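Okay, structure first, notes after.
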Amino acid sequence: MHAIDFIQDLAVVMLVAGVVTVLFHRFRQPVVLGYIVAGVIIGPYTPPFQLIKDEHTIQTLAELGVVFLLFSLGLEFSIRKLFRVGAAALAGALAEIALMMWVGYEIGMFFDWGTMNSIFLGAMLAVSSTTIIIKALNDLGYKNEQFAQVVFGILIVEDILAIAMIVLLSAIATTGAVSTGAVFATLGKLSLFMVVSLVLGILIVPRLLSYVASFNNNEMLLVTVLGLCFAFCLLVVKLEYSLALGAFVIGAIMAEARELHTVERLIEPVRDMFSAIFFVAIGLLLDPRILVEYWEPVAIITVAVVIGKVISCGLGAFAAGQDGRTSLRIGMSLSQIGEFSFIIASLGVSLKVTSGFLYPVAVAVSAVTALLTPYLIRLADPLSLHLARAMPRRVAQFANAYTEKLRAMRPEGERAMLARIIQRILLQIGINFSLVVAVFLAAAFLIDGGRRYVTPWISDVDVQNTIVWGLALIASVPFLLAGYGKLKALGMLLAEMIIGPHAGRLLLFFRRLVAESVPIVVSLLVFVAIVAVSADIQPPMTWMALTLGVVAVLTWLLYEQFTKLHFRFKIALIDTFDNAQH
């Protein structure tokens, strides 16, 4: 009978959602809001009787909705677009998240909701809705305009920071507090995980998808994509991160495949189905009586979201060099909360650290701000004209002068080329040394899980650690050599910029000192990081020194082979990016 009940529940969900969303589409309202209303209609809090027999099963399907929703967001992730609007996107996202987390926390404390509710409320208000914004900009015909590209960049940065927030909120909910050191450690591990996952994933996954796609069988390609998605999500959960992180990262990896458009087309109906169930499940948890009881906080939070996001995103974009009109359009476009707010609210419910009223309050605020989004975007242009006329002349002159000053400060000619070279060198240094640290972390993880299988063969733990640490060091040599080479180039460039080519004998000495100290200092820092992350598999100091000597000899003997190996690695990575469809 359980199977029949499941089919009945699924039929009710999809039929009611279909009817309601058709009505919402006819009245030009967000379809996402229609799904939530459908959930309210069939939910346990709406009389006269309950239409859903097994809410637990629907919630399980909703978890799949989160996976597909974040996977689809990852497919839309573009590193190129992020670099193109990087400064404005980063400034806008950081300003928005910082201000809205503070606003949400203060509102929660004002209503005496307690510390944990206030923290989660701030996190819910910090991130805008990618789904609603993309839909609204597309419907209004603004998707290809300059301000929309900055909006998409802010959304990408927000998505990444939201994943970090979910990890930190889990830590706060589990321990009750989190130290500054723990925050930086968590962000550092998360950044390392994402860099390594993206680099290795981009090397492997697009090639695998190209091989499967060569059979010209969409069914095989879809099954492969889903298998990779779920397998990677499982790996991420085993590493004690969230499903949402895994789904987003594997989506971002597949975004660099030549078959991206085919994957998007195949995954779209699956995503739409489970995303619909996710939003309906949100409506199932919405108790209208709580909304009536908490109408005042809902109204205050809605006003705070709209005003706060217009100010924070607008000022952030303006501070990064966007003009006043563009900054206002950016702020008005981002004035809502959405899917990540629901995921954060669900996290609070699942961890049992937030009160029952917080979830429906977040849903209500999201519904109201989703309705307002198209109207706010349309209002941006006339409002900017009105503000321009009403603004005092000195303020307008200062704003124009500030924008022009920032534009004039942008590097041009040789300076622009030099800035791009330094940016590329720093990126390559970061990738190489991240991979080195990842190798040692992986070695520690593998030996920790497999030590009982090794012990019958090698009983001495110090010998085990020395072998594993030495193998990890050998595996890292190609990346260490490449990273050191880039550091030498960076040191020379910095010395050239700071001192210049024409200098006296003393300045030439300092120039050489700068050029040679940069690679040495950074290499020492990398070595300290390696020692820190490999503490569990470190051999005794004497054995470590002996291992370093052996690896140094091997590096000298096999220098050319190690260099060629890294060169092939680099070419494969560049080739994948060049062949990607964006």
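Following the order of the structure tokens, chains are lettered A, B, ..., residues in each are numbered from 1, and ligands are numbered from 1.
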
Exercise. If we count only C-alpha atoms, what is near stretch 216-230 of chain A at a cut-off of 7 Å, once residues fewer than 3 positions away on the same chain are taken out, given as an MDAnalysis selection string?
Worked result: chainID A and resid 212:213 233:234 247 250 266

Problem set entry | Nearby residues (only C-alpha atoms) at most 6 Å from A:Gly314, same-chain spacing under 2 positions excluded, as an NGL selection string | :A and (310-312 or 316-317 or 327-328 or 331)

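Nearest to A:Gly153 of all the residues A:Ile574, A:Ala475, A:Leu200, A:Ile330 is A:Ile330, based on only C-alpha atoms.
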
Problem set entry | Contacts of A:Thr373 within 12 Å, only C-alpha atoms, excl. fewer than 6 positions in-chain, as a PyMOL selection string | chain A and resi 29-30+128-137+139-140+302+305-306+309-310+329-338+366-367+379-380

For the residues in the current selection, export N, CA, C and O atoms as a CSV table (one decimal), in the first residue's frame.
```
chain,number,residue,atom,x,y,z
A,29,GLN,N,2.5,36.3,-12.7
A,29,GLN,CA,3.1,36.3,-11.4
A,29,GLN,C,4.2,35.1,-11.4
A,29,GLN,O,4.2,34.2,-12.2
A,30,PRO,N,5.2,35.2,-10.5
A,30,PRO,CA,6.3,34.2,-10.5
A,30,PRO,C,5.7,32.8,-10.3
A,30,PRO,O,4.9,32.6,-9.4
A,128,SER,N,20.1,36.8,-2.3
A,128,SER,CA,18.9,37.0,-3.2
A,128,SER,C,18.6,35.8,-4.0
A,128,SER,O,19.3,34.8,-4.0
A,129,SER,N,17.5,35.8,-4.7
A,129,SER,CA,17.0,34.6,-5.4
A,129,SER,C,17.4,34.6,-6.9
A,129,SER,O,17.0,35.4,-7.7
A,130,THR,N,18.3,33.7,-7.2
A,130,THR,CA,18.8,33.6,-8.6
A,130,THR,C,17.6,33.2,-9.5
A,130,THR,O,17.5,33.8,-10.6
A,131,THR,N,16.8,32.3,-9.1
A,131,THR,CA,15.7,31.8,-9.9
A,131,THR,C,14.7,33.0,-10.3
A,131,THR,O,14.4,33.2,-11.5
A,132,ILE,N,14.3,33.7,-9.3
A,132,ILE,CA,13.3,34.8,-9.5
A,132,ILE,C,13.9,35.9,-10.3
A,132,ILE,O,13.3,36.5,-11.2
A,133,ILE,N,15.2,36.3,-10.1
A,133,ILE,CA,15.9,37.4,-10.8
A,133,ILE,C,16.1,37.0,-12.2
A,133,ILE,O,15.7,37.8,-13.1
A,134,ILE,N,16.6,35.9,-12.5
A,134,ILE,CA,16.8,35.5,-13.9
A,134,ILE,C,15.5,35.4,-14.7
A,134,ILE,O,15.4,35.9,-15.8
A,135,LYS,N,14.5,34.9,-14.0
A,135,LYS,CA,13.1,34.8,-14.7
A,135,LYS,C,12.6,36.3,-14.9
A,135,LYS,O,12.1,36.6,-16.0
A,136,ALA,N,12.7,37.2,-14.0
A,136,ALA,CA,12.2,38.5,-14.1
A,136,ALA,C,13.0,39.3,-15.2
A,136,ALA,O,12.4,39.9,-16.0
A,137,LEU,N,14.3,39.2,-15.2
A,137,LEU,CA,15.1,39.9,-16.2
A,137,LEU,C,14.9,39.4,-17.6
A,137,LEU,O,14.8,40.2,-18.5
A,139,ASP,N,12.0,38.0,-18.6
A,139,ASP,CA,10.7,38.4,-19.0
A,139,ASP,C,10.6,39.8,-19.4
A,139,ASP,O,9.9,40.2,-20.3
A,140,LEU,N,11.4,40.7,-18.8
A,140,LEU,CA,11.4,42.1,-19.0
A,140,LEU,C,12.4,42.5,-20.2
A,140,LEU,O,12.4,43.6,-20.6
A,302,THR,N,10.1,42.5,5.3
A,302,THR,CA,9.9,42.8,3.8
A,302,THR,C,10.5,44.2,3.5
A,302,THR,O,11.3,44.3,2.5
A,305,VAL,N,14.2,44.2,3.8
A,305,VAL,CA,14.9,43.5,2.6
A,305,VAL,C,15.0,44.4,1.4
A,305,VAL,O,16.1,44.5,0.8
A,306,VAL,N,13.9,45.0,1.1
A,306,VAL,CA,13.9,45.9,-0.1
A,306,VAL,C,14.8,47.0,0.0
A,306,VAL,O,15.7,47.3,-0.8
A,309,LYS,N,18.6,45.9,0.6
A,309,LYS,CA,19.4,45.4,-0.5
A,309,LYS,C,19.6,46.5,-1.6
A,309,LYS,O,20.6,46.5,-2.3
A,310,VAL,N,18.6,47.4,-1.7
A,310,VAL,CA,18.8,48.5,-2.7
A,310,VAL,C,20.0,49.3,-2.2
A,310,VAL,O,20.9,49.7,-3.1
A,329,ARG,N,19.8,50.3,-10.6
A,329,ARG,CA,19.2,49.1,-11.2
A,329,ARG,C,19.7,47.8,-10.7
A,329,ARG,O,18.9,46.8,-10.5
A,330,ILE,N,20.9,47.7,-10.3
A,330,ILE,CA,21.5,46.5,-9.7
A,330,ILE,C,20.8,46.3,-8.3
A,330,ILE,O,20.4,45.2,-8.0
A,331,GLY,N,20.7,47.3,-7.5
A,331,GLY,CA,20.1,47.2,-6.2
A,331,GLY,C,18.6,46.8,-6.3
A,331,GLY,O,18.2,45.9,-5.5
A,332,MET,N,17.9,47.4,-7.2
A,332,MET,CA,16.5,47.1,-7.3
A,332,MET,C,16.2,45.7,-7.8
A,332,MET,O,15.2,45.1,-7.5
A,333,SER,N,17.2,45.2,-8.6
A,333,SER,CA,17.0,43.8,-9.2
A,333,SER,C,17.2,42.8,-8.1
A,333,SER,O,16.7,41.7,-8.2
A,334,LEU,N,18.0,43.1,-7.1
A,334,LEU,CA,18.4,42.1,-6.1
A,334,LEU,C,17.6,42.1,-4.8
A,334,LEU,O,17.9,41.5,-3.8
A,335,SER,N,16.5,42.9,-4.8
A,335,SER,CA,15.7,43.1,-3.6
A,335,SER,C,14.7,42.1,-3.3
A,335,SER,O,13.5,42.3,-3.2
A,336,GLN,N,15.1,40.8,-3.1
A,336,GLN,CA,14.3,39.7,-2.7
A,336,GLN,C,15.1,38.6,-2.1
A,336,GLN,O,16.3,38.6,-2.1
A,337,ILE,N,14.4,37.7,-1.4
A,337,ILE,CA,15.1,36.4,-1.0
A,337,ILE,C,14.4,35.3,-1.7
A,337,ILE,O,13.3,35.4,-2.1
A,338,GLY,N,15.1,34.1,-1.7
A,338,GLY,CA,14.5,33.0,-2.4
A,338,GLY,C,15.0,31.6,-2.0
A,338,GLY,O,15.1,31.3,-0.8
A,366,SER,N,9.7,36.0,1.3
A,366,SER,CA,10.1,35.6,-0.1
A,366,SER,C,9.0,35.8,-1.1
A,366,SER,O,9.2,36.3,-2.2
A,367,ALA,N,7.8,35.4,-0.7
A,367,ALA,CA,6.6,35.5,-1.6
A,367,ALA,C,6.3,36.9,-1.9
A,367,ALA,O,6.1,37.3,-3.1
A,379,LEU,N,10.8,50.1,-12.0
A,379,LEU,CA,10.8,51.4,-11.3
A,379,LEU,C,12.2,52.0,-11.2
A,379,LEU,O,12.4,53.2,-11.0
A,380,ALA,N,13.3,51.2,-11.5
A,380,ALA,CA,14.6,51.7,-11.3
A,380,ALA,C,15.0,52.9,-12.2
A,380,ALA,O,15.5,53.9,-11.7
```

Problem set entry | stretch 295-297 of chain A environment, 12 Å, only C-alpha atoms, sequence neighbours closer than 6 positions dropped, as a PyMOL selection string | chain A and resi 104+107-113+121+288-289+303-305+357-358+360-362+364-365+368

Exercise. Contacts of A:Ser341 at 7 Å or less, counting only C-alpha atoms, minus same-chain residues fewer than 3 places along, as a VMD selection string?
Worked result: chain A and resid 124 to 125 127 337 to 338 344 to 345

For this session: Quote the spacing between atom CA of A:Ala396 and atom CA of A:Ala98 in Å to one decimal place.
Result: 26.6 Å

Exercise. Where in stretch 308-542 of chain A does DSSP assign helix (DSSP H, G or I), given as a PyMOL selection string?
Worked result: chain A and resi 308-319+324-333+339-350+358-390+393-409+414-454+461-499+505-533+535-537+541-542

Contacts of A:Thr555 at 10 Å or less, counting only C-alpha atoms, minus same-chain residues fewer than 4 places along, as a PDB file with all heavy atoms, in the first residue's frame?
```pdb
ATOM      1  N   ILE A 474      56.583  13.283  -3.438  1.00  0.00           N
ATOM      2  CA  ILE A 474      56.951  13.002  -4.834  1.00  0.00           C
ATOM      3  C   ILE A 474      55.809  13.386  -5.776  1.00  0.00           C
ATOM      4  O   ILE A 474      56.035  13.987  -6.836  1.00  0.00           O
ATOM      5  CB  ILE A 474      57.326  11.514  -4.998  1.00  0.00           C
ATOM      6  CG1 ILE A 474      58.623  11.207  -4.251  1.00  0.00           C
ATOM      7  CG2 ILE A 474      57.479  11.153  -6.473  1.00  0.00           C
ATOM      8  CD1 ILE A 474      58.971   9.739  -4.182  1.00  0.00           C
ATOM      9  N   VAL A 477      55.791  17.124  -6.419  1.00  0.00           N
ATOM     10  CA  VAL A 477      56.960  17.779  -7.025  1.00  0.00           C
ATOM     11  C   VAL A 477      56.616  18.573  -8.286  1.00  0.00           C
ATOM     12  O   VAL A 477      57.060  19.729  -8.434  1.00  0.00           O
ATOM     13  CB  VAL A 477      58.075  16.746  -7.304  1.00  0.00           C
ATOM     14  CG1 VAL A 477      59.150  17.339  -8.210  1.00  0.00           C
ATOM     15  CG2 VAL A 477      58.702  16.290  -5.995  1.00  0.00           C
ATOM     16  N   PRO A 478      55.824  18.025  -9.250  1.00  0.00           N
ATOM     17  CA  PRO A 478      55.518  18.826 -10.447  1.00  0.00           C
ATOM     18  C   PRO A 478      54.845  20.153 -10.117  1.00  0.00           C
ATOM     19  O   PRO A 478      55.163  21.182 -10.728  1.00  0.00           O
ATOM     20  CB  PRO A 478      54.577  17.909 -11.248  1.00  0.00           C
ATOM     21  CG  PRO A 478      54.891  16.535 -10.789  1.00  0.00           C
ATOM     22  CD  PRO A 478      55.250  16.672  -9.351  1.00  0.00           C
ATOM     23  N   LEU A 481      57.447  22.558  -8.332  1.00  0.00           N
ATOM     24  CA  LEU A 481      58.370  23.156  -9.298  1.00  0.00           C
ATOM     25  C   LEU A 481      57.692  24.276 -10.082  1.00  0.00           C
ATOM     26  O   LEU A 481      58.254  25.361 -10.272  1.00  0.00           O
ATOM     27  CB  LEU A 481      58.895  22.087 -10.257  1.00  0.00           C
ATOM     28  CG  LEU A 481      59.859  21.049  -9.662  1.00  0.00           C
ATOM     29  CD1 LEU A 481      60.197  19.978 -10.694  1.00  0.00           C
ATOM     30  CD2 LEU A 481      61.139  21.725  -9.161  1.00  0.00           C
ATOM     31  N   GLY A 549      65.864  14.757   1.418  1.00  0.00           N
ATOM     32  CA  GLY A 549      67.078  14.594   0.641  1.00  0.00           C
ATOM     33  C   GLY A 549      66.896  13.645  -0.534  1.00  0.00           C
ATOM     34  O   GLY A 549      67.340  13.934  -1.658  1.00  0.00           O
ATOM     35  N   VAL A 550      66.215  12.525  -0.288  1.00  0.00           N
ATOM     36  CA  VAL A 550      65.957  11.550  -1.358  1.00  0.00           C
ATOM     37  C   VAL A 550      65.101  12.176  -2.458  1.00  0.00           C
ATOM     38  O   VAL A 550      65.378  12.025  -3.661  1.00  0.00           O
ATOM     39  CB  VAL A 550      65.283  10.283  -0.793  1.00  0.00           C
ATOM     40  CG1 VAL A 550      64.821   9.364  -1.931  1.00  0.00           C
ATOM     41  CG2 VAL A 550      66.234   9.543   0.128  1.00  0.00           C
ATOM     42  N   VAL A 551      64.043  12.895  -2.067  1.00  0.00           N
ATOM     43  CA  VAL A 551      63.156  13.528  -3.050  1.00  0.00           C
ATOM     44  C   VAL A 551      63.901  14.620  -3.812  1.00  0.00           C
ATOM     45  O   VAL A 551      63.680  14.807  -5.026  1.00  0.00           O
ATOM     46  CB  VAL A 551      61.897  14.093  -2.354  1.00  0.00           C
ATOM     47  CG1 VAL A 551      61.059  14.898  -3.335  1.00  0.00           C
ATOM     48  CG2 VAL A 551      61.070  12.970  -1.755  1.00  0.00           C
ATOM     49  N   TYR A 559      64.134  15.994 -13.297  1.00  0.00           N
ATOM     50  CA  TYR A 559      63.584  17.350 -13.428  1.00  0.00           C
ATOM     51  C   TYR A 559      62.810  17.518 -14.735  1.00  0.00           C
ATOM     52  O   TYR A 559      61.694  18.049 -14.746  1.00  0.00           O
ATOM     53  CB  TYR A 559      64.716  18.375 -13.345  1.00  0.00           C
ATOM     54  CG  TYR A 559      64.247  19.806 -13.482  1.00  0.00           C
ATOM     55  CD1 TYR A 559      63.753  20.504 -12.383  1.00  0.00           C
ATOM     56  CD2 TYR A 559      64.292  20.450 -14.719  1.00  0.00           C
ATOM     57  CE1 TYR A 559      63.328  21.819 -12.500  1.00  0.00           C
ATOM     58  CE2 TYR A 559      63.856  21.758 -14.849  1.00  0.00           C
ATOM     59  CZ  TYR A 559      63.381  22.440 -13.747  1.00  0.00           C
ATOM     60  OH  TYR A 559      62.943  23.724 -13.873  1.00  0.00           O
ATOM     61  N   GLU A 560      63.367  17.071 -15.816  1.00  0.00           N
ATOM     62  CA  GLU A 560      62.723  17.241 -17.123  1.00  0.00           C
ATOM     63  C   GLU A 560      61.395  16.498 -17.191  1.00  0.00           C
ATOM     64  O   GLU A 560      60.403  17.016 -17.713  1.00  0.00           O
ATOM     65  CB  GLU A 560      63.659  16.749 -18.224  1.00  0.00           C
ATOM     66  CG  GLU A 560      63.157  17.063 -19.624  1.00  0.00           C
ATOM     67  CD  GLU A 560      64.162  16.673 -20.695  1.00  0.00           C
ATOM     68  OE1 GLU A 560      65.343  16.433 -20.350  1.00  0.00           O
ATOM     69  OE2 GLU A 560      63.753  16.599 -21.870  1.00  0.00           O
ATOM     70  N   GLN A 561      61.371  15.259 -16.630  1.00  0.00           N
ATOM     71  CA  GLN A 561      60.135  14.473 -16.653  1.00  0.00           C
ATOM     72  C   GLN A 561      59.041  15.128 -15.813  1.00  0.00           C
ATOM     73  O   GLN A 561      57.873  15.164 -16.208  1.00  0.00           O
ATOM     74  CB  GLN A 561      60.399  13.042 -16.147  1.00  0.00           C
ATOM     75  CG  GLN A 561      61.133  12.147 -17.132  1.00  0.00           C
ATOM     76  CD  GLN A 561      62.628  12.444 -17.207  1.00  0.00           C
ATOM     77  OE1 GLN A 561      63.142  13.276 -16.443  1.00  0.00           O
ATOM     78  NE2 GLN A 561      63.316  11.792 -18.134  1.00  0.00           N
ATOM     79  N   PHE A 562      59.431  15.635 -14.619  1.00  0.00           N
ATOM     80  CA  PHE A 562      58.457  16.313 -13.769  1.00  0.00           C
ATOM     81  C   PHE A 562      57.906  17.562 -14.463  1.00  0.00           C
ATOM     82  O   PHE A 562      56.704  17.853 -14.396  1.00  0.00           O
ATOM     83  CB  PHE A 562      59.093  16.713 -12.435  1.00  0.00           C
ATOM     84  CG  PHE A 562      59.240  15.577 -11.464  1.00  0.00           C
ATOM     85  CD1 PHE A 562      60.439  15.352 -10.816  1.00  0.00           C
ATOM     86  CD2 PHE A 562      58.176  14.727 -11.188  1.00  0.00           C
ATOM     87  CE1 PHE A 562      60.586  14.319  -9.909  1.00  0.00           C
ATOM     88  CE2 PHE A 562      58.309  13.684 -10.279  1.00  0.00           C
ATOM     89  CZ  PHE A 562      59.521  13.474  -9.643  1.00  0.00           C
ATOM     90  N   THR A 563      58.789  18.310 -15.144  1.00  0.00           N
ATOM     91  CA  THR A 563      58.367  19.525 -15.839  1.00  0.00           C
ATOM     92  C   THR A 563      57.405  19.198 -16.976  1.00  0.00           C
ATOM     93  O   THR A 563      56.392  19.882 -17.166  1.00  0.00           O
ATOM     94  CB  THR A 563      59.598  20.273 -16.389  1.00  0.00           C
ATOM     95  OG1 THR A 563      60.507  20.525 -15.321  1.00  0.00           O
ATOM     96  CG2 THR A 563      59.186  21.590 -17.014  1.00  0.00           C
TER      97      THR A 563
END
```

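Atom CA of A:Gly114 to atom CA of A:Leu187 spans 25.9 Å [interatomic distance, one decimal].
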
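Of note, atom CA of A:Phe120 and atom CA of A:Gly348 are spaced 7.2 Å apart.
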
Find the residues near A:Met116: any atom within 8 Å, counting only C-alpha atoms, skip ones fewer than 4 places away on the same chain, and give them as a CSV table (one decimal) with C-alpha atoms, in the first residue's frame.
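Result saved to out.csv:
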```csv
chain,number,residue,atom,x,y,z
A,120,PHE,CA,19.6,32.3,10.9
A,173,ALA,CA,24.2,25.1,15.4
A,353,VAL,CA,17.9,25.1,16.5
A,354,THR,CA,15.3,27.5,15.1
```
